[in-house]
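Visitor: The structure under discussion is supplied below as structure tokens; questions concerning it will follow.
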There are 2 protein chains.
Amino acid sequence: MSAADFGLVQPHLTHVDLPLRKRLEARKKPIDYVYFPESGFASVVADGHDGRGIEVGLIGREGMTGLAVVMGTDRTPHETYMQNAGTGWRMTAGNLRRVMEQSRTVQQSFLLYGHAFVIQATYTAMANGRSKIEERLARWLLMAQDRVEGDRLTLTHEFLSLMLGVRRPGVTVALNLLERAGLIQASRGAIVIVDRAGLEQLSNGAYGAPEAEFNRLFG
Amino acid sequence: MSAADFGLVQPHLTHVDLPLRKRLEARKKPIDYVYFPESGFASVVADGHDGRGIEVGLIGREGMTGLAVVMGTDRTPHETYMQNAGTGWRMTAGNLRRVMEQSRTVQQSFLLYGHAFVIQATYTAMANGRSKIEERLARWLLMAQDRVEGDRLTLTHEFLSLMLGVRRPGVTVALNLLERAGLIQASRGAIVIVDRAGLEQLSNGAYGAPEAEFNRLFG
DNA sequence: GAAACTTGGTACGGGATCGTACTATCCAAA
DNA sequence: TTTGGATAGTACGATCCCGTACCAAGTTTC
């Protein structure tokens with residue numbers, strides 16, 4: 001985004017704390033604020049009819065929440081909340097709408113990120129349909145590390161199982177597999193990424209394509 | 001879309017035949033035309049690293065191809081081709097860009113459909129992660145019927161297996177299950193939907209949410 | 001109408017994942 | 001220091017789905 005465009009957006013931004021599990025969007029409720037994380041990341045979670053959600057999107061400092069507003073509506077059927085605590089900026093949905101109307105190029109920047117998000121979602125659909133747990137896990141860990149500083153992720157097996165939509169023991173077993181392969185180092189409530197290249201290889205094609213598309217657009 | 005807006009779009013539209021398997025978008029290639037099907041439907045297919053694709057989106061008369069252009073870029077990593085022959089209209093990507101620039105409200109209409117498409121993709125991710133074959137099959141049949149006239153779908157088990165990313169015999173077995181339940185009537189190369197409500201129920205929550213969102217926006 | 005091809009039905013063993021339950025370990029609060 | 005809760009490891013049978021193979025039945029081609 002150009003300096004001039006950022007100048008239009010910046011006055012509306014408020015710096016905010018984004019603690020763990022803070023809800024940034026509620027399902028089917030009007031979106032009040034859109035958030036631009038600068039650290040940590042949020043999960044977009046689709047609710048199944050039986051209340052068992054599954055993650056369909058991951059948003060960190062590369063992106064923003066509130067794409068529904070960018071697309072011209074005010075809500076989605078999904079829930080979005082912080083999965084890894086951090087900080088960021090937010091602006092009201094109304095101000096976002098006004099700035100986008102004011103500047104085509106600002107709007108264009110947000111739309112381009114929207115495109116990147118769609119691609120991420122479609123590849124999540126592919127991974128969920130085609131990949132084994134350890135492959136999806138490797139993909140998720142890589143996507144998460146892309147969005148944090150350093151190589152340490154603070155999360156439990158239970159949380160990962162909710163994100164991937166699988167059993168908790170399934171995550172435990174898969175993590176042990178990754179650890180024995182020397183790709184990660186697990187401890188209670190935390191995972192350290194040791195070998196990114198190895199994880200990418202193990203993901204067996206599940207990781208990479210959306211990231212390549214993002215880099216083509218913004219890199 | 002208002003009559004005035006349609007007046008801006010209409011001059012650029014050319015009526016075209018959309019035969020089975022016609023490719024509307026090639027992966028990672030610049031999009032020349034965007035298509036508005038009036039009958040039949042197209043599949044958006046993500047390519048796995050091993051070349052085994054899986055469907056991540058379904059587009060019929062309710063929508064359009066070329067969302068990447070709407071979002072401000074010229075290509076996607078996906079492939080889009082007609083899955084059920086029909087007819088439609090197309091316009092060049094350049095004309096689409098110009099019309100959207102000319103009219104905020106035209107752009108807004110297309111963006112709103114883009115939102116609906118994102119929701120469809122995210123629920124596909126959920127279905128792929130959580131639902132059994134027969135549930136996903138019921139969802140797919142309902143989505144397909146939403147996009148054709150009448151209750152007859154012309155497609156083979158083989159094709160369905162490619163769309164769902166499962167084995168062909170898996171589709172055969174699941175279809176027989178649906179038929180024994182009196183929900184469909186299968187014959188060589190064709191499926192007749194007999195009981196929509198029953199299919200929705202059998203889909204176990206996999207069908208419905210994206211359609212509800214679409215209706216909220218356009219219904 | 002015979003041959004070649006497409007499509008659909010069925011079967012087999014194997015692997016992935018499930019739901020569940022139980023135990024072990026770590027950490028924090030009392 | 002003890003106790004209780006959160007987290008992780010392991011095991012069990014059941015179920016779903018896989019890859020593959022083979023055959024049957026319909027359809028097209030010659």
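Chain labels follow the order of the structure tokens: the first chain is A, the next B, and so on; residue numbering restarts at 1 in every chain, and ligands are counted from 1 in their shown order.
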Env of A:Gly7: 12 Å cut, atoms = only C-alpha atoms (C1' of nucleotides), seq-sep filter 5 positions within chain, self excluded. Answer as a list of chain:residue names.
Guide: A:Met1, A:Ser2, A:His12, A:Leu13, A:Val99, A:Ser103, A:Val106
Visitor: Go ahead and write the residues just picked, N, CA and C atoms, as a short mmCIF file (atom, residue, chain, number, x, y, z; two decimals), in the first residue's frame.
Guide:
data_model
loop_
_atom_site.label_atom_id
_atom_site.label_comp_id
_atom_site.auth_asym_id
_atom_site.auth_seq_id
_atom_site.Cartn_x
_atom_site.Cartn_y
_atom_site.Cartn_z
N MET A 1 0.85 -1.20 0.00
CA MET A 1 0.00 0.00 0.00
C MET A 1 0.88 1.25 0.00
N SER A 2 0.51 2.19 -0.84
CA SER A 2 1.32 3.40 -0.96
C SER A 2 1.22 4.26 0.29
N HIS A 12 -7.68 6.41 11.18
CA HIS A 12 -8.81 5.68 11.76
C HIS A 12 -8.37 4.50 12.61
N LEU A 13 -7.07 4.25 12.65
CA LEU A 13 -6.60 3.06 13.35
C LEU A 13 -6.39 3.32 14.82
N VAL A 99 -13.37 4.85 3.75
CA VAL A 99 -12.04 4.97 3.14
C VAL A 99 -11.99 4.24 1.81
N SER A 103 -11.04 5.99 -1.76
CA SER A 103 -9.86 5.63 -2.53
C SER A 103 -9.97 4.26 -3.16
N VAL A 106 -6.98 2.05 -2.18
CA VAL A 106 -7.07 1.41 -0.87
C VAL A 106 -7.99 0.19 -0.97
#
Visitor: Could you please select, counting only C-alpha atoms, the residues of chain A within 9 Å of chain B and state them as a ChimeraX atom specification?
Guide: /A:46-50,53-57,67-68,70-73,76-78,101,104,108-115,117-119,121-130,164-166,204-206,209-210,213,217
Visitor: In stretch 28-169 of chain B, what's strand (DSSP E or B) per DSSP? Answer as a ChimeraX atom specification?
Guide: /B:33-37,41-47,53-59,78-84,86-92,152-153
Visitor: Save out the residues we just selected, N, CA and C atoms, as a compact mmCIF listing (two decimals), in the first residue's frame.
Guide:
# COMPACT_ATOMS: atom_id res chain seq x y z
N TYR B 33 -11.60 -14.14 -20.38
CA TYR B 33 -13.03 -13.84 -20.30
C TYR B 33 -13.57 -14.25 -18.94
N VAL B 34 -14.57 -13.52 -18.50
CA VAL B 34 -15.35 -14.00 -17.37
C VAL B 34 -16.70 -14.45 -17.91
N TYR B 35 -17.26 -15.50 -17.29
CA TYR B 35 -18.47 -16.13 -17.81
C TYR B 35 -19.61 -16.02 -16.82
N PHE B 36 -20.79 -15.79 -17.37
CA PHE B 36 -22.02 -15.80 -16.58
C PHE B 36 -22.91 -16.92 -17.13
N PRO B 37 -22.85 -18.09 -16.54
CA PRO B 37 -23.68 -19.19 -17.04
C PRO B 37 -25.16 -18.84 -16.91
N PHE B 41 -23.44 -25.77 -15.20
CA PHE B 41 -22.58 -25.21 -14.15
C PHE B 41 -21.14 -25.63 -14.35
N ALA B 42 -20.28 -24.88 -13.70
CA ALA B 42 -18.83 -25.10 -13.80
C ALA B 42 -18.27 -25.46 -12.43
N SER B 43 -17.16 -26.21 -12.44
CA SER B 43 -16.46 -26.54 -11.22
C SER B 43 -15.14 -25.79 -11.15
N VAL B 44 -14.83 -25.29 -9.99
CA VAL B 44 -13.50 -24.75 -9.73
C VAL B 44 -12.72 -25.85 -9.03
N VAL B 45 -11.59 -26.24 -9.62
CA VAL B 45 -10.86 -27.40 -9.14
C VAL B 45 -9.45 -26.99 -8.72
N ALA B 46 -9.08 -27.34 -7.51
CA ALA B 46 -7.72 -27.09 -7.03
C ALA B 46 -6.86 -28.29 -7.39
N ASP B 47 -5.68 -28.03 -7.89
CA ASP B 47 -4.78 -29.11 -8.29
C ASP B 47 -3.86 -29.48 -7.14
N GLY B 53 -6.89 -33.46 -8.69
CA GLY B 53 -7.64 -32.27 -8.29
C GLY B 53 -8.78 -32.61 -7.36
N ILE B 54 -9.35 -31.59 -6.81
CA ILE B 54 -10.57 -31.74 -6.01
C ILE B 54 -11.36 -30.46 -6.18
N GLU B 55 -12.66 -30.60 -6.24
CA GLU B 55 -13.50 -29.44 -6.47
C GLU B 55 -13.56 -28.55 -5.23
N VAL B 56 -13.39 -27.27 -5.44
CA VAL B 56 -13.48 -26.33 -4.32
C VAL B 56 -14.56 -25.28 -4.54
N GLY B 57 -15.25 -25.34 -5.68
CA GLY B 57 -16.32 -24.38 -5.91
C GLY B 57 -17.21 -24.80 -7.06
N LEU B 58 -18.46 -24.39 -6.98
CA LEU B 58 -19.45 -24.74 -8.00
C LEU B 58 -20.14 -23.45 -8.41
N ILE B 59 -20.19 -23.20 -9.73
CA ILE B 59 -20.71 -21.93 -10.22
C ILE B 59 -21.75 -22.19 -11.30
N HIS B 78 -6.19 -22.10 -9.70
CA HIS B 78 -7.21 -23.13 -9.93
C HIS B 78 -7.57 -23.24 -11.40
N GLU B 79 -8.28 -24.32 -11.66
CA GLU B 79 -8.81 -24.58 -12.99
C GLU B 79 -10.34 -24.51 -12.90
N THR B 80 -10.96 -23.95 -13.92
CA THR B 80 -12.43 -23.90 -13.92
C THR B 80 -12.94 -24.43 -15.24
N TYR B 81 -13.83 -25.41 -15.19
CA TYR B 81 -14.39 -25.91 -16.44
C TYR B 81 -15.83 -26.38 -16.25
N MET B 82 -16.54 -26.40 -17.37
CA MET B 82 -17.96 -26.76 -17.34
C MET B 82 -18.12 -28.22 -16.94
N GLN B 83 -19.01 -28.45 -16.02
CA GLN B 83 -19.24 -29.78 -15.51
C GLN B 83 -20.56 -30.32 -16.04
N ASN B 84 -21.41 -29.40 -16.42
CA ASN B 84 -22.73 -29.74 -16.94
C ASN B 84 -22.97 -28.74 -18.05
N GLY B 86 -24.17 -26.21 -20.92
CA GLY B 86 -25.21 -25.19 -20.89
C GLY B 86 -24.86 -24.04 -21.81
N THR B 87 -25.44 -22.91 -21.52
CA THR B 87 -25.13 -21.69 -22.27
C THR B 87 -24.90 -20.57 -21.28
N GLY B 88 -24.45 -19.44 -21.81
CA GLY B 88 -24.21 -18.32 -20.91
C GLY B 88 -23.73 -17.11 -21.67
N TRP B 89 -23.22 -16.16 -20.92
CA TRP B 89 -22.70 -14.93 -21.49
C TRP B 89 -21.28 -14.75 -21.02
N ARG B 90 -20.50 -14.09 -21.84
CA ARG B 90 -19.15 -13.80 -21.39
C ARG B 90 -18.79 -12.37 -21.77
N MET B 91 -17.81 -11.85 -21.07
CA MET B 91 -17.24 -10.55 -21.44
C MET B 91 -15.73 -10.62 -21.19
N THR B 92 -15.01 -9.75 -21.82
CA THR B 92 -13.56 -9.79 -21.62
C THR B 92 -13.22 -9.28 -20.23
N ARG B 152 -33.03 -33.63 -13.03
CA ARG B 152 -32.18 -34.65 -13.60
C ARG B 152 -30.75 -34.13 -13.77
N LEU B 153 -29.79 -34.88 -13.25
CA LEU B 153 -28.38 -34.53 -13.38
C LEU B 153 -27.69 -35.58 -14.24
Visitor: Using only C-alpha atoms (C1' of nucleotides), which residues sit within 8 Å of stretch 2-13 of chain C once same-chain residues fewer than 2 positions away are excluded, as a VMD selection string?
Guide: (chain B and resid 156 to 157 172 188 to 189) or (chain D and resid 24 to 29)
Visitor: Would you list the contacts of stretch 16-21 of chain C as a list of chain:residue names, taking every protein, DNA or RNA residue within 9 Å and counting only C-alpha atoms (C1' of nucleotides), but skipping same-chain residues closer than 6 positions in sequence?
Guide: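 Contacts, with the query itself left out: A:Lys132, A:Ile133, A:Val166, A:Arg167, A:Gly170, D:DA11, D:DC12, D:DA14, D:DT15, D:DC16, D:DC17, D:DC18.
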Visitor: Take the residues from that selection and write them out as a CSV table (one decimal), in the first residue's frame, keeping C-alpha atoms (C1' of nucleotides).
Guide:
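So the final result, stored in selection17.csv, reads:
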chain,number,residue,atom,x,y,z
A,132,LYS,CA,-3.7,-37.2,6.3
A,133,ILE,CA,-3.7,-35.8,9.8
A,166,VAL,CA,-9.9,-34.3,14.4
A,167,ARG,CA,-9.6,-36.2,17.6
A,170,GLY,CA,-5.0,-38.1,16.8
D,11,DA,C1',-4.9,-48.5,24.1
D,12,DC,C1',-9.3,-50.8,22.4
D,14,DA,C1',-15.4,-50.0,15.5
D,15,DT,C1',-16.1,-47.5,11.4
D,16,DC,C1',-14.9,-45.3,7.3
D,17,DC,C1',-12.4,-45.1,3.4
D,18,DC,C1',-8.6,-46.6,0.7
Visitor: Per DSSP on the backbone, filter stretch 5-216 of chain A down to the residues in alpha helix (DSSP H) and report them as a ChimeraX atom specification.
Guide: /A:5-9,67-70,93-102,104-130,133-145,157-164,168-180,196-202,209-216
Visitor: Write the residues of the selection above to a file with C-alpha atoms, as a short mmCIF file (atom, residue, chain, number, x, y, z; two decimals), in the first residue's frame.
Guide:
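For reference, part04.cif as written:
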data_model
loop_
_atom_site.label_atom_id
_atom_site.label_comp_id
_atom_site.auth_asym_id
_atom_site.auth_seq_id
_atom_site.Cartn_x
_atom_site.Cartn_y
_atom_site.Cartn_z
CA ASP A 5 -3.17 5.42 0.78
CA PHE A 6 -1.85 4.52 4.18
CA GLY A 7 -2.29 8.16 5.09
CA LEU A 8 -6.00 7.78 4.46
CA VAL A 9 -6.29 4.66 6.56
CA LEU A 67 -13.40 -9.25 4.73
CA ALA A 68 -17.20 -9.39 4.65
CA VAL A 69 -17.14 -5.62 5.04
CA VAL A 70 -14.62 -5.29 2.24
CA ALA A 93 -16.45 -1.01 9.79
CA GLY A 94 -18.01 2.32 8.88
CA ASN A 95 -14.66 4.02 8.53
CA LEU A 96 -13.40 1.14 6.45
CA ARG A 97 -16.33 1.54 4.09
CA ARG A 98 -15.75 5.28 3.82
CA VAL A 99 -12.04 4.97 3.14
CA MET A 100 -12.62 2.33 0.49
CA GLU A 101 -15.16 4.56 -1.18
CA GLN A 102 -12.77 7.48 -1.00
CA ARG A 104 -10.06 2.99 -5.21
CA THR A 105 -6.48 2.01 -4.56
CA VAL A 106 -7.07 1.41 -0.87
CA GLN A 107 -10.05 -0.71 -1.77
CA GLN A 108 -7.89 -2.52 -4.29
CA SER A 109 -5.30 -3.42 -1.65
CA PHE A 110 -7.93 -4.94 0.59
CA LEU A 111 -9.56 -6.82 -2.27
CA LEU A 112 -6.25 -8.30 -3.25
CA TYR A 113 -5.83 -9.65 0.25
CA GLY A 114 -9.38 -10.96 -0.04
CA HIS A 115 -8.29 -12.92 -3.07
CA ALA A 116 -5.36 -14.38 -1.14
CA PHE A 117 -7.77 -15.39 1.61
CA VAL A 118 -10.07 -17.16 -0.85
CA ILE A 119 -7.14 -19.15 -2.15
CA GLN A 120 -6.16 -20.10 1.37
CA ALA A 121 -9.72 -21.28 2.03
CA THR A 122 -9.90 -23.35 -1.14
CA TYR A 123 -6.62 -25.08 -0.32
CA THR A 124 -7.91 -25.76 3.16
CA ALA A 125 -10.82 -27.50 1.47
CA MET A 126 -8.36 -29.53 -0.56
CA ALA A 127 -6.21 -30.42 2.44
CA ASN A 128 -9.26 -31.46 4.46
CA GLY A 129 -10.44 -33.70 1.65
CA ARG A 130 -7.17 -35.26 0.63
CA ILE A 133 -3.66 -35.77 9.81
CA GLU A 134 0.09 -35.41 10.00
CA GLU A 135 0.13 -33.65 6.63
CA ARG A 136 -2.57 -31.23 7.66
CA LEU A 137 -0.82 -30.74 10.97
CA ALA A 138 2.46 -29.90 9.24
CA ARG A 139 0.59 -27.45 7.01
CA TRP A 140 -1.06 -25.81 10.00
CA LEU A 141 2.17 -25.47 11.93
CA LEU A 142 3.88 -23.87 8.95
CA MET A 143 1.01 -21.46 8.41
CA ALA A 144 1.07 -20.58 12.09
CA GLN A 145 4.81 -20.02 12.13
CA HIS A 157 -3.16 -30.61 21.41
CA GLU A 158 -6.77 -30.00 22.33
CA PHE A 159 -6.75 -26.68 20.48
CA LEU A 160 -5.09 -28.16 17.44
CA SER A 161 -7.67 -30.92 17.34
CA LEU A 162 -10.44 -28.31 17.27
CA MET A 163 -8.70 -26.41 14.48
CA LEU A 164 -8.16 -29.46 12.33
CA ARG A 168 -7.31 -34.91 20.28
CA PRO A 169 -5.35 -38.21 20.53
CA GLY A 170 -4.97 -38.07 16.77
CA VAL A 171 -3.07 -34.83 17.19
CA THR A 172 -0.92 -36.30 19.95
CA VAL A 173 0.09 -39.24 17.79
CA ALA A 174 0.76 -37.07 14.75
CA LEU A 175 2.84 -34.61 16.79
CA ASN A 176 4.91 -37.47 18.17
CA LEU A 177 5.47 -38.63 14.63
CA LEU A 178 6.71 -35.17 13.64
CA GLU A 179 8.89 -34.99 16.71
CA ARG A 180 10.48 -38.39 16.14
CA ARG A 196 10.64 -26.03 8.21
CA ALA A 197 11.85 -27.65 5.02
CA GLY A 198 11.19 -31.06 6.51
CA LEU A 199 7.67 -30.03 7.49
CA GLU A 200 6.97 -28.73 4.02
CA GLN A 201 8.11 -32.00 2.56
CA LEU A 202 6.05 -34.01 5.02
CA ALA A 209 0.32 -22.97 -3.02
CA PRO A 210 -1.65 -20.28 -1.16
CA GLU A 211 1.59 -18.82 0.17
CA ALA A 212 3.01 -18.69 -3.34
CA GLU A 213 -0.10 -16.88 -4.52
CA PHE A 214 0.20 -14.42 -1.66
CA ASN A 215 3.80 -13.73 -2.55
CA ARG A 216 2.96 -13.27 -6.20
#
Visitor: Smallest atom-to-atom distance to chain C: which of A:Ser187, A:Gly60, A:Lys29, A:Gly66, using only C-alpha atoms (C1' of nucleotides)?
Guide: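 For chain C, the nearest of the candidates is A:Ser187.
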